[in-house]
Amino acid sequence: MQENYVHNNIEKKAQSKWRDSKIFEVNESSPKPKMYCMSMLPYPSGKLHMGHVRNYTITDVLARFYKMNGYNVVHPIGWDAFGLPAENAAMKSKVAPAEWTYQNIANMKAQLENMGLSIDWARELATCSPDYYRHQQWFFTQLYKSGIIYRKNGTVNWDPVDQTVLANEQVIDGRGWRSGATVIKKEIPMYYFAITKYAEQLLADLDQLGGWPEQVKVMQRNWIGKSLGMEVEFAGCDGFDGLTVFTTRPDTLMGVTYVAISAEHPLAEEAANHNAALAKFMYECKAGGVSEAELATAEKVGMFSGLYVTNPLNGEKVPVWVANYVLMNYGTGAVMAVPAHDERDFEFATKYNLAKKIVIKPQKEDSNYDPEVRAYTDYGVLVNSGKFDGMNFEQVFAAIEEELTSRKIGQVKVNYRLRDWGISRQRYWGCPIPIIHCEHCGDVAVPKADLPVRLPEELIPDGSGNPLAKNPDFVNCRCPQCGAEARRETDTMDTFVDSSWYFLRYTCADNQEQMLDERVKYWAPVDQYVGGIEHAILHLLYARFFYKALRDLGLVNGDEPFKNLLTQGMVLAETFYRQNPNGSKDWYSPMDIDVVKDAKGNLLRATYKGDGREVEYGGIEKMSKSKNNGIDPDPIINRFGADTARLFIMFAAPPELTLEWTESGVEGSNRFIRRLWRMVFEHQQYGIVERYKSGELTPEQKKLRTQLHQTIAKVTNDMGVRKQFNTAIAAIMELLNSYSKVAFTGENGRALSQEVLEAVVVLLSPITPHVCDALWNELRPDTELLEQAWLVVDESALDVDEVEMVIQVNGKLRGKIMVAKSLTKDEIEVMAKENTNVQKFIEGQAIKKLVVVPNKLINIVV
RNA sequence: GCCGGGAUGGUGGAAUUGGUAGACGCGCCGGACUCAAAAUCCGGUGCCAGCAAUGGCGUGAGGGUUCAAGUCCCUCUCCCGGCACCA
């Protein structure tokens, strides 16, 4: 054994051993229980970034932990290979998205291999491969036939200069990112997945997800947004049509002072035909992007439509306004406005001087309440509402329901905020939608025999719309039903479709004939899913929806795809810059900066290694190209080794929190590995022995052995249950700190030293697998670490006869005592009162109360 | 704007079920080894007062519940994630 730790050879050797033995390639024939452990599908951006490294390290630690705990573990990987960045790269450097993407995958795969992951590479897939998307197209046709997919108009961001549809992120302050033109909302036909048909199940089945973070379930619940309300018809006046509103507050119906409708509402269109000013206003409403964040923060504007409708309860004539704050795709596209009891209506009514009528009496004495100052939105007892006066919410809901239903002008309605999922994208680099438009037969799904609809891989988009639409070879085709000349659909699918089922395809990626086969029923559901919190809503909701749709086709078992979910935080790093005279900033990589700190550890100055001159500190930010603070994993792994990088990532923060990258922290992790190496080296110099089983130990040895088995228990719980790897590592560090202070004299002492080192190597092996593999070979030659079982706690080592208890007086710490476990509560109380420091605080005072928490503390209240 | 989350020493974080705040690491200070440096090892390190024993203060701000609050409740500030075409 070498005296010093050198990572290169160790890591290469372990990696080739794992590769050659195919130890991480698994199948369904194992007698062990299955464990499906997986990271979210990475986008092949070109270079591995620290977010990927973190993601894969977490699943790798769990996969290795479960493997040693007797599970048949699968840990697959694939590539989310369609999407916008490839088109952007194509526009920039004239390289075809396909070529760019496949090159990126090759680069990133090589980088991942250096990390020593326990991945089953035989299952690797890329969503841009026809072998993958042909099955997706087939699934699309199945959903299309079963009515889950339909076509309707949807609103997109339209760049009138580039004549192209823009993604929300390509709209900056209401303008196109390339042209700078004001973006307008445009209606185009699109395909929709009827996810709302599953709204109730998606909501109810959240209760099955005990292994999900509560916050993610809350976000999904709110996103689905189930609400109970009423649809109420308002009859039109002066010969115009009426309209229907949806409201969750029918109790305020008598307080309606106007009705507001969306600019896309049919009635608004109708009114605009006779009203030039209104038409102009509605055109102005079309300016700007379609994102909800943009709509919600835009200033509320509106215009009177000239129309009136009648309040069905009291017959009052109220004006109809067209307002930009009403969403056409929620409810009915029309709302009844009650300014006295709704924030948004209040703001709008105040701006346009519309009436406010109080119909709810504040429940408590509320001296602040003034309808001209703010809206009162709580529930309460009705006033100014005629026969409904004095009723509470439940009573008036029932009374109004009865009246409206008997008059057939309203009904109780459950409404969801969730909208159907528009999947059409007017883009080239995506999965073609397998539909053929025929003049005679309409929209025809492509038959299975004709799949896949291949995406030509040589096209290069130029930013002026979808090149597929200009490609006659792609567009021109024959109708599969009547054989007439027909036109192929040129829109491609949202990439969220690709990522909604890839985890099922991993189980049978080699099956050319079928989308999924019996093997999916062995592996699904995913037992442990790990990915960024930014996917808490959309990706996870779409994948859940897909799973249910696949279940209804008989392709998978169960209701939910992901049993346990862990949402990881982002990776951040320090930023450094110099300000240019024109105000712009040049950003310097933290790798190229030297830092000087004062005696308290505060940053005094930072200098650029290139020229030795000072730079400004810009705080800690998410790693990004724009701030030049991305840390490339390659040089880190080359310099310190993958084990150091993995250890740092797992130690610096718990997985859900943001992770701050610091070079000194990486060095600290490397120092710990070298220290462990030296300890094994020194132990080995005296010869390896059998690990401790029984026999006399010195008191300090006995104490160390107790700590060892406490550590085994803690690490097992931290890794397997809490998934808090940082505290597991800290506990191992503490154990080694204690180890280094103990004298391992005698035969039993040597055996204890062997026991501790073997245990540490096993405990650490999921996190730093390469160095642990090498150390294991030194401690137990001719055996394989990966074949070892996880450690079992020796309960007898945990037995201690004394515990430390703290004594508080009035909740303040005043002393500590060692207490034999056999003592009674009364005996402990006496001991506590006898403590000299405690006496100073209780002397001459009556003891009002005395609390004893067993094995923890005594609180004396005086 | 709406939904979700976060804030603890110089710093990343720990405190698992309301029970010793600051584990472990980094940084910094001091020491050993060395011609010297690096590496390594040993000790110290929340703030204030004190030679010390010890005491006072202290978990974003303000209030509350409790024998006891970083942890529970209310109000607020700032930061982060998502908002349906970034992935």
# chains A, B, ... in the order shown; residues from 1 in each chain; ligands from 1
call {"tool": "select_by_dssp", "arguments": {"residues": "range 462-508 of chain A", "states": "strand (DSSP E or B)", "output": "list in words"}}
result
Asn476, Cys477, Arg478, Glu485, Ala486, Arg487, Arg488, Thr492 and Met493 of chain A
call {"tool": "select_by_dssp", "arguments": {"residues": "range 632-753 of chain A", "states": "alpha helix (DSSP H)", "output": "PyMOL selection string"}}
result
chain A and resi 633-640+642-652+663-685+699-717+725-739+746-753
call {"tool": "closest_residue", "arguments": {"among": "B:C48, B:C67, B:C35, B:U8", "to": "chain A", "atoms": "only C-alpha atoms (C1' of nucleotides)"}}
result
B:C67
call {"tool": "residues_around", "arguments": {"residues": "G81 in chain B", "least_positions_apart": "5", "cutoff": "12 Å", "atoms": "only C-alpha atoms (C1' of nucleotides)", "output": "MDAnalysis selection string"}}
result
(chainID A and resid 215:216 219 532:537 567:570 622 656:658) or (chainID B and resid 3:6)
call {"tool": "write_last_selection", "arguments": {"atoms": "N, CA, C and O atoms (P, O5', C5', C4', C3', O3' and C1' of nucleotides)", "output": "compact mmCIF listing (two decimals), in the first residue's frame"}}
result
# COMPACT_ATOMS: atom_id res chain seq x y z
N GLN A 215 -44.39 20.31 0.44
CA GLN A 215 -44.47 21.57 -0.33
C GLN A 215 -44.79 21.30 -1.80
O GLN A 215 -45.50 22.09 -2.43
N VAL A 216 -44.27 20.20 -2.35
CA VAL A 216 -44.53 19.89 -3.76
C VAL A 216 -46.00 19.51 -3.93
O VAL A 216 -46.67 19.92 -4.88
N MET A 219 -48.09 22.62 -3.83
CA MET A 219 -48.00 23.38 -5.08
C MET A 219 -48.86 22.72 -6.16
O MET A 219 -49.54 23.42 -6.92
N GLY A 532 -34.49 18.70 -9.65
CA GLY A 532 -34.60 20.09 -9.17
C GLY A 532 -36.02 20.46 -8.77
O GLY A 532 -36.99 20.00 -9.37
N ILE A 533 -36.12 21.33 -7.79
CA ILE A 533 -37.42 21.81 -7.29
C ILE A 533 -38.15 22.60 -8.38
O ILE A 533 -39.38 22.72 -8.34
N GLU A 534 -37.40 23.09 -9.37
CA GLU A 534 -38.05 23.87 -10.44
C GLU A 534 -39.02 23.01 -11.26
O GLU A 534 -39.85 23.52 -12.00
N HIS A 535 -38.94 21.69 -11.11
CA HIS A 535 -39.87 20.81 -11.82
C HIS A 535 -41.06 20.39 -10.96
O HIS A 535 -41.80 19.48 -11.34
N ALA A 536 -41.23 21.04 -9.83
CA ALA A 536 -42.23 20.62 -8.84
C ALA A 536 -43.64 20.57 -9.44
O ALA A 536 -44.45 19.74 -9.03
N ILE A 537 -43.95 21.42 -10.39
CA ILE A 537 -45.30 21.43 -10.91
C ILE A 537 -45.38 20.79 -12.28
O ILE A 537 -45.88 19.67 -12.43
N THR A 567 -36.25 16.69 -3.90
CA THR A 567 -36.01 17.86 -4.74
C THR A 567 -34.74 18.55 -4.30
O THR A 567 -34.63 19.02 -3.17
N GLN A 568 -33.77 18.60 -5.19
CA GLN A 568 -32.47 19.15 -4.83
C GLN A 568 -32.41 20.64 -5.10
O GLN A 568 -33.10 21.16 -5.97
N GLY A 569 -31.53 21.33 -4.37
CA GLY A 569 -31.34 22.77 -4.56
C GLY A 569 -30.32 23.06 -5.65
O GLY A 569 -29.67 22.16 -6.17
N MET A 570 -30.21 24.32 -5.98
CA MET A 570 -29.30 24.75 -7.04
C MET A 570 -27.85 24.79 -6.53
O MET A 570 -27.60 24.74 -5.34
N LYS A 622 -26.38 31.96 -8.45
CA LYS A 622 -26.56 30.72 -9.20
C LYS A 622 -25.50 30.67 -10.30
O LYS A 622 -25.26 31.65 -10.99
N GLU A 656 -31.71 19.30 -0.33
CA GLU A 656 -32.78 20.22 -0.76
C GLU A 656 -32.31 21.67 -0.81
O GLU A 656 -32.93 22.50 -1.46
N LEU A 657 -31.25 21.99 -0.07
CA LEU A 657 -30.82 23.38 0.00
C LEU A 657 -29.88 23.73 -1.14
O LEU A 657 -29.28 22.87 -1.76
N THR A 658 -29.74 25.05 -1.39
CA THR A 658 -28.76 25.48 -2.38
C THR A 658 -27.38 25.06 -1.89
O THR A 658 -27.14 24.95 -0.69
P C B 3 -51.61 33.29 -2.82
O5' C B 3 -50.86 31.95 -3.24
C5' C B 3 -51.59 30.81 -3.66
C4' C B 3 -50.63 29.75 -4.14
C3' C B 3 -49.50 29.40 -3.18
O3' C B 3 -49.92 28.54 -2.13
C1' C B 3 -48.60 29.69 -5.32
P G B 4 -49.20 28.58 -0.71
O5' G B 4 -47.76 27.99 -1.00
C5' G B 4 -47.59 26.60 -1.22
C4' G B 4 -46.16 26.30 -1.57
C3' G B 4 -45.12 26.69 -0.53
O3' G B 4 -45.07 25.77 0.54
C1' G B 4 -44.36 27.35 -2.65
P G B 5 -44.56 26.26 2.00
O5' G B 5 -43.01 26.57 1.77
C5' G B 5 -42.10 25.48 1.64
C4' G B 5 -40.76 25.99 1.19
C3' G B 5 -39.95 26.78 2.21
O3' G B 5 -39.35 25.93 3.16
C1' G B 5 -39.80 27.84 0.11
P G B 6 -39.06 26.50 4.64
O5' G B 6 -37.81 27.47 4.41
C5' G B 6 -36.55 26.92 4.04
C4' G B 6 -35.62 28.04 3.66
C3' G B 6 -35.22 28.98 4.79
O3' G B 6 -34.18 28.43 5.56
C1' G B 6 -35.76 30.24 2.86
call {"tool": "interface_residues", "arguments": {"of": "chain B", "to": "chain A", "cutoff": "8 Å", "atoms": "only C-alpha atoms (C1' of nucleotides)", "output": "short mmCIF file (atom, residue, chain, number, x, y, z; two decimals) with N, CA, C and O atoms (P, O5', C5', C4', C3', O3' and C1' of nucleotides), in the first residue's frame"}}
result
data_model
loop_
_atom_site.label_atom_id
_atom_site.label_comp_id
_atom_site.auth_asym_id
_atom_site.auth_seq_id
_atom_site.Cartn_x
_atom_site.Cartn_y
_atom_site.Cartn_z
P G B 1 -46.73 42.28 -5.56
"O5'" G B 1 -47.97 41.64 -6.33
"C5'" G B 1 -49.28 42.19 -6.24
"C4'" G B 1 -50.16 41.28 -7.03
"C3'" G B 1 -50.19 39.84 -6.53
"O3'" G B 1 -51.20 39.70 -5.55
"C1'" G B 1 -49.73 39.84 -8.85
P C B 2 -50.93 38.78 -4.24
"O5'" C B 2 -51.09 37.30 -4.79
"C5'" C B 2 -52.37 36.84 -5.22
"C4'" C B 2 -52.22 35.52 -5.93
"C3'" C B 2 -51.45 34.47 -5.16
"O3'" C B 2 -52.27 33.82 -4.20
"C1'" C B 2 -50.62 34.55 -7.36
P C B 3 -51.61 33.29 -2.82
"O5'" C B 3 -50.86 31.95 -3.24
"C5'" C B 3 -51.59 30.81 -3.66
"C4'" C B 3 -50.63 29.75 -4.14
"C3'" C B 3 -49.50 29.40 -3.18
"O3'" C B 3 -49.92 28.54 -2.13
"C1'" C B 3 -48.60 29.69 -5.32
P G B 4 -49.20 28.58 -0.71
"O5'" G B 4 -47.76 27.99 -1.00
"C5'" G B 4 -47.59 26.60 -1.22
"C4'" G B 4 -46.16 26.30 -1.57
"C3'" G B 4 -45.12 26.69 -0.53
"O3'" G B 4 -45.07 25.77 0.54
"C1'" G B 4 -44.36 27.35 -2.65
P G B 5 -44.56 26.26 2.00
"O5'" G B 5 -43.01 26.57 1.77
"C5'" G B 5 -42.10 25.48 1.64
"C4'" G B 5 -40.76 25.99 1.19
"C3'" G B 5 -39.95 26.78 2.21
"O3'" G B 5 -39.35 25.93 3.16
"C1'" G B 5 -39.80 27.84 0.11
P G B 10 -20.24 37.13 13.35
"O5'" G B 10 -19.19 36.79 12.21
"C5'" G B 10 -18.63 37.84 11.43
"C4'" G B 10 -17.90 37.27 10.26
"C3'" G B 10 -18.58 36.14 9.52
"O3'" G B 10 -19.60 36.61 8.68
"C1'" G B 10 -16.30 35.63 9.80
P U B 11 -20.91 35.69 8.37
"O5'" U B 11 -20.31 34.47 7.55
"C5'" U B 11 -19.97 34.61 6.17
"C4'" U B 11 -19.52 33.28 5.63
"C3'" U B 11 -20.53 32.15 5.76
"O3'" U B 11 -21.51 32.19 4.73
"C1'" U B 11 -18.43 31.39 6.49
P G B 12 -22.93 31.52 4.99
"O5'" G B 12 -22.70 30.00 4.60
"C5'" G B 12 -22.37 29.64 3.26
"C4'" G B 12 -22.20 28.15 3.17
"C3'" G B 12 -23.32 27.34 3.82
"O3'" G B 12 -24.46 27.27 2.99
"C1'" G B 12 -21.24 26.46 4.48
P G B 13 -25.88 26.88 3.58
"O5'" G B 13 -25.67 25.41 4.14
"C5'" G B 13 -26.46 24.89 5.18
"C4'" G B 13 -25.63 23.90 5.95
"C3'" G B 13 -26.28 23.36 7.22
"O3'" G B 13 -26.95 22.15 6.92
"C1'" G B 13 -24.19 24.32 7.75
P A B 14 -28.18 21.70 7.77
"O5'" A B 14 -27.55 21.37 9.20
"C5'" A B 14 -26.74 20.20 9.34
"C4'" A B 14 -26.43 19.95 10.79
"C3'" A B 14 -27.63 19.83 11.71
"O3'" A B 14 -28.22 18.56 11.60
"C1'" A B 14 -25.94 21.08 12.75
P G B 19 -37.38 19.58 21.09
"O5'" G B 19 -36.50 19.91 22.37
"C5'" G B 19 -36.05 21.24 22.60
"C4'" G B 19 -35.23 21.29 23.86
"C3'" G B 19 -34.28 20.12 24.03
"O3'" G B 19 -33.15 20.61 24.73
"C1'" G B 19 -35.80 20.15 25.84
P U B 20 -31.89 21.17 23.92
"O5'" U B 20 -30.86 21.34 25.13
"C5'" U B 20 -31.12 22.30 26.16
"C4'" U B 20 -29.79 22.87 26.58
"C3'" U B 20 -29.00 23.52 25.44
"O3'" U B 20 -28.33 24.66 25.95
"C1'" U B 20 -27.73 21.78 26.39
P A B 23 -19.86 23.73 17.06
"O5'" A B 23 -19.68 22.16 16.96
"C5'" A B 23 -20.08 21.31 18.02
"C4'" A B 23 -20.58 20.00 17.49
"C3'" A B 23 -19.74 19.40 16.35
"O3'" A B 23 -18.64 18.67 16.85
"C1'" A B 23 -22.02 19.33 15.77
P C B 24 -17.16 18.98 16.37
"O5'" C B 24 -17.26 18.69 14.80
"C5'" C B 24 -17.36 17.36 14.30
"C4'" C B 24 -17.61 17.37 12.82
"C3'" C B 24 -16.68 18.29 12.02
"O3'" C B 24 -15.44 17.67 11.75
"C1'" C B 24 -18.88 18.72 11.36
P G B 25 -14.12 18.54 11.67
"O5'" G B 25 -14.34 19.38 10.33
"C5'" G B 25 -14.27 18.73 9.07
"C4'" G B 25 -14.73 19.68 7.98
"C3'" G B 25 -13.91 20.95 7.77
"O3'" G B 25 -12.69 20.69 7.10
"C1'" G B 25 -16.20 21.44 7.64
P C B 26 -11.45 21.63 7.30
"O5'" C B 26 -11.91 23.01 6.65
"C5'" C B 26 -12.09 23.11 5.24
"C4'" C B 26 -12.65 24.47 4.89
"C3'" C B 26 -11.79 25.65 5.31
"O3'" C B 26 -10.71 25.85 4.42
"C1'" C B 26 -14.04 26.09 5.85
P G B 27 -9.33 26.42 4.97
"O5'" G B 27 -9.72 27.87 5.49
"C5'" G B 27 -10.03 28.91 4.56
"C4'" G B 27 -10.51 30.13 5.31
"C3'" G B 27 -9.52 30.72 6.31
"O3'" G B 27 -8.59 31.56 5.66
"C1'" G B 27 -11.64 30.53 7.33
P C B 28 -7.10 31.62 6.21
"O5'" C B 28 -7.26 32.35 7.62
"C5'" C B 28 -7.69 33.70 7.69
"C4'" C B 28 -8.01 34.06 9.12
"C3'" C B 28 -6.87 33.84 10.11
"O3'" C B 28 -5.95 34.91 10.09
"C1'" C B 28 -8.86 32.93 11.00
P C B 29 -4.40 34.60 10.42
"O5'" C B 29 -4.41 34.41 12.00
"C5'" C B 29 -4.76 35.48 12.87
"C4'" C B 29 -4.75 35.00 14.30
"C3'" C B 29 -3.49 34.26 14.74
"O3'" C B 29 -2.43 35.14 15.05
"C1'" C B 29 -5.37 33.06 15.46
P C B 67 -46.42 27.19 31.78
"O5'" C B 67 -44.85 27.13 32.02
"C5'" C B 67 -44.27 27.77 33.15
"C4'" C B 67 -42.81 27.39 33.25
"C3'" C B 67 -42.01 27.55 31.97
"O3'" C B 67 -41.57 28.87 31.81
"C1'" C B 67 -41.57 25.42 32.92
P A B 68 -41.62 29.54 30.38
"O5'" A B 68 -40.59 28.65 29.55
"C5'" A B 68 -39.19 28.74 29.84
"C4'" A B 68 -38.44 27.75 29.01
"C3'" A B 68 -38.66 27.85 27.51
"O3'" A B 68 -37.84 28.85 26.97
"C1'" A B 68 -38.81 25.59 28.19
P G B 81 -34.39 32.04 -8.71
"O5'" G B 81 -35.43 30.85 -8.52
"C5'" G B 81 -34.98 29.50 -8.52
"C4'" G B 81 -36.15 28.58 -8.31
"C3'" G B 81 -37.30 28.74 -9.30
"O3'" G B 81 -37.04 28.08 -10.51
"C1'" G B 81 -38.17 28.64 -7.11
P G B 82 -37.67 28.68 -11.87
"O5'" G B 82 -39.22 28.36 -11.71
"C5'" G B 82 -39.68 27.01 -11.78
"C4'" G B 82 -41.15 26.99 -11.52
"C3'" G B 82 -42.00 27.86 -12.44
"O3'" G B 82 -42.19 27.25 -13.70
"C1'" G B 82 -42.71 28.17 -10.22
P C B 83 -42.32 28.17 -15.00
"O5'" C B 83 -43.74 28.84 -14.81
"C5'" C B 83 -44.92 28.05 -14.85
"C4'" C B 83 -46.12 28.88 -14.49
"C3'" C B 83 -46.34 30.11 -15.35
"O3'" C B 83 -46.96 29.75 -16.58
"C1'" C B 83 -46.62 30.68 -13.09
P A B 84 -46.70 30.66 -17.88
"O5'" A B 84 -46.56 29.49 -18.94
"C5'" A B 84 -45.70 28.38 -18.66
"C4'" A B 84 -46.46 27.08 -18.91
"C3'" A B 84 -47.30 27.11 -20.19
"O3'" A B 84 -47.17 25.84 -20.84
"C1'" A B 84 -48.62 26.46 -18.36
P C B 85 -47.06 25.84 -22.43
"O5'" C B 85 -45.70 26.59 -22.78
"C5'" C B 85 -44.44 26.05 -22.37
"C4'" C B 85 -43.34 26.68 -23.19
"C3'" C B 85 -43.25 28.19 -23.02
"O3'" C B 85 -41.90 28.58 -23.26
"C1'" C B 85 -43.68 27.70 -25.26
P C B 86 -40.87 28.48 -22.03
"O5'" C B 86 -39.83 27.38 -22.55
"C5'" C B 86 -38.87 27.68 -23.54
"C4'" C B 86 -37.49 27.34 -23.03
"C3'" C B 86 -37.31 25.90 -22.59
"O3'" C B 86 -36.93 25.12 -23.70
"C1'" C B 86 -36.39 27.41 -20.98
P A B 87 -37.55 23.64 -23.88
"O5'" A B 87 -36.76 22.79 -22.79
"C5'" A B 87 -35.38 22.50 -22.93
"C4'" A B 87 -34.86 22.10 -21.56
"C3'" A B 87 -35.54 20.87 -20.98
"O3'" A B 87 -34.85 19.70 -21.39
"C1'" A B 87 -35.54 22.62 -19.38
#
call {"tool": "residues_around", "arguments": {"residues": "Asp498 in chain A", "least_positions_apart": "4", "cutoff": "10 Å", "atoms": "only C-alpha atoms (C1' of nucleotides)", "output": "PDB file with N, CA and C atoms, in the first residue's frame"}}
result
ATOM      1  N   LEU A  41     -34.109  13.485 -16.154  1.00  0.00           N
ATOM      2  CA  LEU A  41     -33.500  13.424 -17.477  1.00  0.00           C
ATOM      3  C   LEU A  41     -32.722  14.713 -17.774  1.00  0.00           C
ATOM      4  N   TRP A  79     -31.221  11.084 -22.209  1.00  0.00           N
ATOM      5  CA  TRP A  79     -30.986  12.479 -22.622  1.00  0.00           C
ATOM      6  C   TRP A  79     -32.268  13.119 -23.113  1.00  0.00           C
ATOM      7  N   ASP A  80     -32.579  14.270 -22.571  1.00  0.00           N
ATOM      8  CA  ASP A  80     -33.747  15.055 -22.974  1.00  0.00           C
ATOM      9  C   ASP A  80     -33.326  15.859 -24.184  1.00  0.00           C
ATOM     10  N   ALA A  81     -33.305  15.216 -25.353  1.00  0.00           N
ATOM     11  CA  ALA A  81     -32.458  15.689 -26.441  1.00  0.00           C
ATOM     12  C   ALA A  81     -33.129  16.629 -27.434  1.00  0.00           C
ATOM     13  N   PHE A  82     -34.455  16.796 -27.348  1.00  0.00           N
ATOM     14  CA  PHE A  82     -35.119  17.787 -28.187  1.00  0.00           C
ATOM     15  C   PHE A  82     -35.212  19.095 -27.413  1.00  0.00           C
ATOM     16  N   ALA A 126     -31.991   8.404 -25.872  1.00  0.00           N
ATOM     17  CA  ALA A 126     -32.062   9.831 -26.216  1.00  0.00           C
ATOM     18  C   ALA A 126     -33.428  10.077 -26.828  1.00  0.00           C
ATOM     19  N   THR A 127     -34.114  11.116 -26.359  1.00  0.00           N
ATOM     20  CA  THR A 127     -35.504  11.322 -26.810  1.00  0.00           C
ATOM     21  C   THR A 127     -35.573  11.736 -28.276  1.00  0.00           C
ATOM     22  N   CYS A 128     -34.445  12.186 -28.867  1.00  0.00           N
ATOM     23  CA  CYS A 128     -34.471  12.609 -30.273  1.00  0.00           C
ATOM     24  C   CYS A 128     -34.251  11.430 -31.212  1.00  0.00           C
ATOM     25  N   TYR A 132     -36.913   6.065 -29.960  1.00  0.00           N
ATOM     26  CA  TYR A 132     -37.674   6.535 -28.803  1.00  0.00           C
ATOM     27  C   TYR A 132     -38.990   7.157 -29.263  1.00  0.00           C
ATOM     28  N   TYR A 133     -38.892   8.127 -30.185  1.00  0.00           N
ATOM     29  CA  TYR A 133     -40.104   8.917 -30.436  1.00  0.00           C
ATOM     30  C   TYR A 133     -41.147   8.181 -31.278  1.00  0.00           C
ATOM     31  N   GLN A 136     -43.607   7.200 -28.854  1.00  0.00           N
ATOM     32  CA  GLN A 136     -44.354   8.371 -28.381  1.00  0.00           C
ATOM     33  C   GLN A 136     -45.430   8.745 -29.395  1.00  0.00           C
ATOM     34  N   GLY A 430     -38.116  18.779 -32.568  1.00  0.00           N
ATOM     35  CA  GLY A 430     -39.004  18.126 -31.623  1.00  0.00           C
ATOM     36  C   GLY A 430     -39.617  16.897 -32.280  1.00  0.00           C
ATOM     37  N   CYS A 431     -40.420  16.194 -31.536  1.00  0.00           N
ATOM     38  CA  CYS A 431     -41.047  14.971 -32.037  1.00  0.00           C
ATOM     39  C   CYS A 431     -42.216  15.347 -32.947  1.00  0.00           C
ATOM     40  N   MET A 493     -43.984  18.226 -30.979  1.00  0.00           N
ATOM     41  CA  MET A 493     -44.546  18.180 -29.617  1.00  0.00           C
ATOM     42  C   MET A 493     -43.677  18.937 -28.614  1.00  0.00           C
ATOM     43  N   ASP A 494     -44.361  19.527 -27.651  1.00  0.00           N
ATOM     44  CA  ASP A 494     -43.730  20.082 -26.450  1.00  0.00           C
ATOM     45  C   ASP A 494     -42.727  19.043 -25.903  1.00  0.00           C
ATOM     46  N   TYR A 502     -40.157   8.760 -20.198  1.00  0.00           N
ATOM     47  CA  TYR A 502     -38.835   8.167 -20.459  1.00  0.00           C
ATOM     48  C   TYR A 502     -38.437   7.150 -19.393  1.00  0.00           C
ATOM     49  N   ALA A 543     -46.047  13.995 -15.992  1.00  0.00           N
ATOM     50  CA  ALA A 543     -45.619  12.596 -15.893  1.00  0.00           C
ATOM     51  C   ALA A 543     -46.678  11.789 -15.135  1.00  0.00           C
TER      52      ALA A 543
END
call {"tool": "residues_around", "arguments": {"residues": "Trp501 in chain A", "least_positions_apart": "2", "cutoff": "9 Å", "atoms": "only C-alpha atoms (C1' of nucleotides)", "output": "ChimeraX atom specification"}}
result
/A:136,497-499,503-505,543,546-547
call {"tool": "atom_distance", "arguments": {"atom1": "CA of Ala271 in chain A", "atom2": "CA of Gly239 in chain A"}}
result
12.0 Å
call {"tool": "atom_distance", "arguments": {"atom1": "CA of Val309 in chain A", "atom2": "CA of Gly236 in chain A"}}
result
4.4 Å
call {"tool": "residues_around", "arguments": {"residues": "U40 in chain B", "least_positions_apart": "6", "cutoff": "12 Å", "atoms": "only C-alpha atoms (C1' of nucleotides)", "output": "PyMOL selection string"}}
result
(chain A and resi 4+671+674-675+678) or (chain B and resi 32-34)
call {"tool": "atom_distance", "arguments": {"atom1": "CA of Asn153 in chain A", "atom2": "CA of Glu284 in chain A"}}
result
20.2 Å
call {"tool": "residues_around", "arguments": {"residues": "Phe388 in chain A", "least_positions_apart": "4", "cutoff": "9 Å", "atoms": "only C-alpha atoms (C1' of nucleotides)", "output": "compact mmCIF listing (two decimals) with N, CA and C atoms, in the first residue's frame"}}
result
# COMPACT_ATOMS: atom_id res chain seq x y z
N ASP A 251 -72.48 34.24 -2.60
CA ASP A 251 -73.04 35.03 -1.48
C ASP A 251 -72.93 36.53 -1.74
N LEU A 382 -74.86 38.29 5.58
CA LEU A 382 -75.29 39.18 4.50
C LEU A 382 -76.11 40.39 4.98
N VAL A 383 -75.89 41.51 4.32
CA VAL A 383 -76.69 42.72 4.53
C VAL A 383 -77.02 43.28 3.14
N ASN A 384 -77.96 44.21 3.07
CA ASN A 384 -78.34 44.84 1.80
C ASN A 384 -78.69 43.83 0.72
N ASN A 392 -75.65 33.21 6.59
CA ASN A 392 -74.20 33.05 6.45
C ASN A 392 -73.90 32.42 5.09
N GLN A 395 -75.70 29.11 4.19
CA GLN A 395 -77.16 29.29 4.02
C GLN A 395 -77.49 29.97 2.70
N VAL A 396 -76.73 31.03 2.39
CA VAL A 396 -77.06 31.79 1.19
C VAL A 396 -76.68 31.00 -0.05
N ALA A 399 -79.54 28.70 -0.62
CA ALA A 399 -80.74 29.44 -1.03
C ALA A 399 -80.64 29.90 -2.47
N ILE A 400 -79.46 30.40 -2.85
CA ILE A 400 -79.28 30.89 -4.22
C ILE A 400 -79.26 29.72 -5.20
